[in-house]
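Here is the structure we will look at.
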Amino acid sequence: MTYPTRDLSSQLVQALRDKIKGQVFAKGEEGYQAARQIFNSGIEASPLILIKVEDTEDVSKAIRFANEHRLTVSIKSGGHGVPGWCIKGELVIDLSQINYIRVDVPEPQGSNRSYGTSDDEDSMLPSPPHAHGTVTFGAGCLVREIDQETSNWGYHMPLGAYPSVGTSLILGGGIGFLSRKYGLSMDNLIECDVVLADGRIITASETENPEIFWALRGAGTTIGVVTRFKCRIYSIKRVFSGHLIYSFNTNTTPALISHWRDCVKDVPRELFSSVIFTAGPTRGTGIIIIQICYVGNEITGGHYVDTIASFPGERCLMKDVFTRPFVKWQESVANVLKHGSGNRYFIKGDLINQLPDELITRTVEAFANGNTPGAVWMIQMAGGAINDIAPEATAFSHRDAKFEVVAILQWKDKESDQRVMAEGNGWLRTVVAPHSVGGPFPNTLGRDDPIERVIGCFGRENYERLVQIKRKHFDV
């Protein structure tokens, strides 16, 4: 798709302002540059107009305006989508002001207690009465905000592991520390409000507009604009979690990763673990971080930690595994994978159902030959509750995957773009791809990925069903 360069007349801009309750920023106006900023500074785009909508009606009116004046539309939630599609349209709808949160948790008698957004950080229930509640929130919320609010009542939703991202992660997967126990973020979606491409507002759930609800769970960002989410939350106050840190060593790291793989084979779904390669300042240097999160007691969790830490081939530099509030654990991840302000980013992934020695060895070799300081390559566990869902039950189909692999690279200068992207793509396409189940979570697709990889996210049958749904409901 091409995005023609043109300007909107002041009369059209004013006509839009007259329709919208939220703020409207035309290109060149004060506040425009701040409104168009996103996580990945490597994205160059100058939309004609940006709208910070206040509610679902604003979204509908903005889409109808765009249709009337033949403007391409992009949707900005948290602004963390590395491909930058959220600001590539001529008209950008920014959802950040739709940021309410409502928590509903059951009491022993069976009635529900409802809570709005709380300003009291210490208002935590002493002991959640049941394992399951719900949280309803606007599309402008961040993972951090949802986690902090639900933690006030001793509950959490399975969300991504990075607290600064937005809610659109739910629509493209959403894997994190609780996913092996309770499923992906999208698996816990109960219902949502959606604005369709013609401006209509609908509610989608298993019983209301079920075809669209099916499509939203995996391909949601291509189906409509979700403005309200209602999701399941679970009674989780504290987890046994932390890190084991080792030096990266081409002689011992392959054996360390193989040891980790063998230790986590057939563990219960309460255990989540990942291996993070983090590059040092010079080629061939770095550290290996093994993350561990056990949803359960310290005695049982400690057994798994001790088993992993028993690797004899390399001295553990640091071990900081202990029981802590889950919300504190989520925040600690932001410190491990620090995101530099103003950086350019490459984030792509894939899914595999085996981690053979050959893949481990080639990964270590490729990482040692990398030339991007601070580069992060990650192998994290999937499986568990993620596998409980049938492949045809949601648009995303790869329920058999045992691991997700992700490359996260950041750098400053535009001149390094091709080199760094080639480094990330080289590992994924040459080393990882032969072991892929067919495609990644949709959240880790890149803007340069071919259509075959897009189809691979869903599998051929689910992809064809998506095409038919879009033809039926959206006349495309």
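As shown in the structure tokens, the chain order sets the letters A, B, ...; within each chain, residues go from 1, and ligands are also counted from 1 in the order they appear.
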For range 189-204 of chain A, find every residue with an atom within 6 Å (counting only C-alpha atoms), except residues of its own chain fewer than 2 positions away, and show them as a list in words.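 Contacts, in chain order: Ser60, Ile63, Arg64, Met186, Asp187, Glu208, Asn209, Phe213, Gly224, Val225, Val226, Thr227, Arg228, Phe229, Lys230 and Cys231 of chain A.
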Selected residues written out with N, CA and C atoms, as a compact mmCIF listing (two decimals), in the first residue's frame:
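Result file follows (out02.txt):
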```txt
# COMPACT_ATOMS: atom_id res chain seq x y z
N SER A 60 -15.47 5.67 16.13
CA SER A 60 -16.42 5.47 15.04
C SER A 60 -16.50 6.71 14.13
N ILE A 63 -13.32 7.07 12.00
CA ILE A 63 -13.28 6.12 10.88
C ILE A 63 -14.25 6.55 9.78
N ARG A 64 -15.44 6.98 10.15
CA ARG A 64 -16.40 7.44 9.14
C ARG A 64 -15.86 8.67 8.39
N MET A 186 -4.85 -13.70 24.69
CA MET A 186 -6.05 -13.78 23.87
C MET A 186 -6.94 -14.95 24.28
N ASP A 187 -6.37 -15.97 24.92
CA ASP A 187 -7.17 -17.10 25.39
C ASP A 187 -8.04 -16.72 26.58
N GLU A 208 -21.86 -13.64 20.81
CA GLU A 208 -22.28 -12.46 20.06
C GLU A 208 -21.22 -12.14 19.01
N ASN A 209 -21.61 -12.16 17.73
CA ASN A 209 -20.66 -12.01 16.63
C ASN A 209 -19.48 -12.98 16.78
N PHE A 213 -15.27 -12.64 16.76
CA PHE A 213 -14.54 -12.93 17.99
C PHE A 213 -13.46 -13.97 17.72
N GLY A 224 -10.65 -4.96 13.22
CA GLY A 224 -11.36 -3.76 13.67
C GLY A 224 -10.58 -3.09 14.78
N VAL A 225 -11.16 -2.04 15.35
CA VAL A 225 -10.51 -1.31 16.43
C VAL A 225 -11.18 -1.72 17.74
N VAL A 226 -10.48 -2.48 18.54
CA VAL A 226 -11.01 -2.89 19.84
C VAL A 226 -10.80 -1.74 20.82
N THR A 227 -11.88 -1.30 21.45
CA THR A 227 -11.77 -0.18 22.41
C THR A 227 -12.00 -0.62 23.85
N ARG A 228 -12.64 -1.77 24.05
CA ARG A 228 -12.89 -2.29 25.40
C ARG A 228 -12.61 -3.78 25.44
N PHE A 229 -11.86 -4.21 26.45
CA PHE A 229 -11.56 -5.62 26.67
C PHE A 229 -12.16 -6.07 27.99
N LYS A 230 -12.72 -7.26 28.02
CA LYS A 230 -13.09 -7.92 29.26
C LYS A 230 -12.40 -9.27 29.28
N CYS A 231 -11.59 -9.51 30.33
CA CYS A 231 -10.73 -10.69 30.36
C CYS A 231 -10.78 -11.37 31.72
```
Just want the 7 Å neighbourhood of range 365-377 of chain A, counted on only C-alpha atoms, with same-chain residues fewer than 4 positions away dropped. Output as a VMD selection string. chain A and resid 276 to 284 361 406 to 410 420 423 427
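For range 178-232 of chain A, the set of residues given strand (DSSP E) by DSSP on the backbone reads Leu189, Ile190, Glu191, Cys192, Asp193, Val194, Val195, Ile201, Ile202, Thr203, Ala204, Ser205, Val225, Val226, Thr227, Arg228, Phe229, Lys230, Cys231 and Arg232 of chain A.
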Enumerate, as number ranges by chain, the complete set of residues in range 123-311 of chain A that a backbone-based DSSP assignment places in helix (DSSP H, G or I). A: 143-151, 167-172, 179-182, 186-188, 210-222, 253-264, 298-309
Considering only C-alpha atoms, return as a PDB file with N, CA, C and O atoms, in the first residue's frame whatever protein or nucleic-acid residues lie within 6 Å of Ser273 in chain A, sequence-local ones (same chain, fewer than 2 positions apart) excluded.
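Result file follows (part-v7.pdb):
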```pdb
ATOM      1  N   GLN A 291      15.740 -17.031  33.249  1.00  0.00           N
ATOM      2  CA  GLN A 291      14.605 -16.536  34.034  1.00  0.00           C
ATOM      3  C   GLN A 291      13.775 -17.719  34.518  1.00  0.00           C
ATOM      4  O   GLN A 291      13.571 -18.694  33.778  1.00  0.00           O
ATOM      5  N   ILE A 292      13.264 -17.602  35.737  1.00  0.00           N
ATOM      6  CA  ILE A 292      12.433 -18.653  36.319  1.00  0.00           C
ATOM      7  C   ILE A 292      11.264 -17.998  37.031  1.00  0.00           C
ATOM      8  O   ILE A 292      11.435 -17.020  37.777  1.00  0.00           O
ATOM      9  N   MET A 381       9.889 -20.807  27.193  1.00  0.00           N
ATOM     10  CA  MET A 381       8.968 -21.931  27.175  1.00  0.00           C
ATOM     11  C   MET A 381       7.572 -21.500  26.740  1.00  0.00           C
ATOM     12  O   MET A 381       7.102 -20.417  27.108  1.00  0.00           O
TER      13      MET A 381
END
```
CA of Gly459 in chain A to CA of Thr207 in chain A, distance in Å rounded to a single decimal: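 Interatomic distance, CA of Gly459 in chain A to CA of Thr207 in chain A: 24.6 Å.
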Applying 8 Å and only C-alpha atoms, which residues near Tyr304 in chain A remain after dropping the ones on its own chain fewer than 4 positions away? List them as a PyMOL selection string. chain A and resi 263+300+308
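The spacing separating CA of Ser205 in chain A from CA of Val73 in chain A amounts to 25.0 Å.
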Residue neighbourhood range 242-247 of chain A, 6 Å, only C-alpha atoms, exclusion window fewer than 3 positions, as a PyMOL selection string: chain A and resi 287-292+316-321
Which of these, A:Val239, A:Val467, A:Leu16, A:Ile49, has the shortest distance to Tyr32 in chain A once you count only C-alpha atoms?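 Residue with the minimum atom-to-atom distance to Tyr32 in chain A: A:Ile49.
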So what do you get for CA of Thr307 in chain A versus CA of Gly183 in chain A, distance-wise?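 Distance reported for this atom pair: 25.4 Å.
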List as a PyMOL selection string the protein and nucleic acid residues near range 76-91 of chain A, meaning an atom at most 7 Å away when only C-alpha atoms are counted, but skip any in the same chain fewer than 4 places from it. chain A and resi 3+36+38-40+43+45+47-50+71-72+95-96+139-140+142+165-168+345-347+446-447
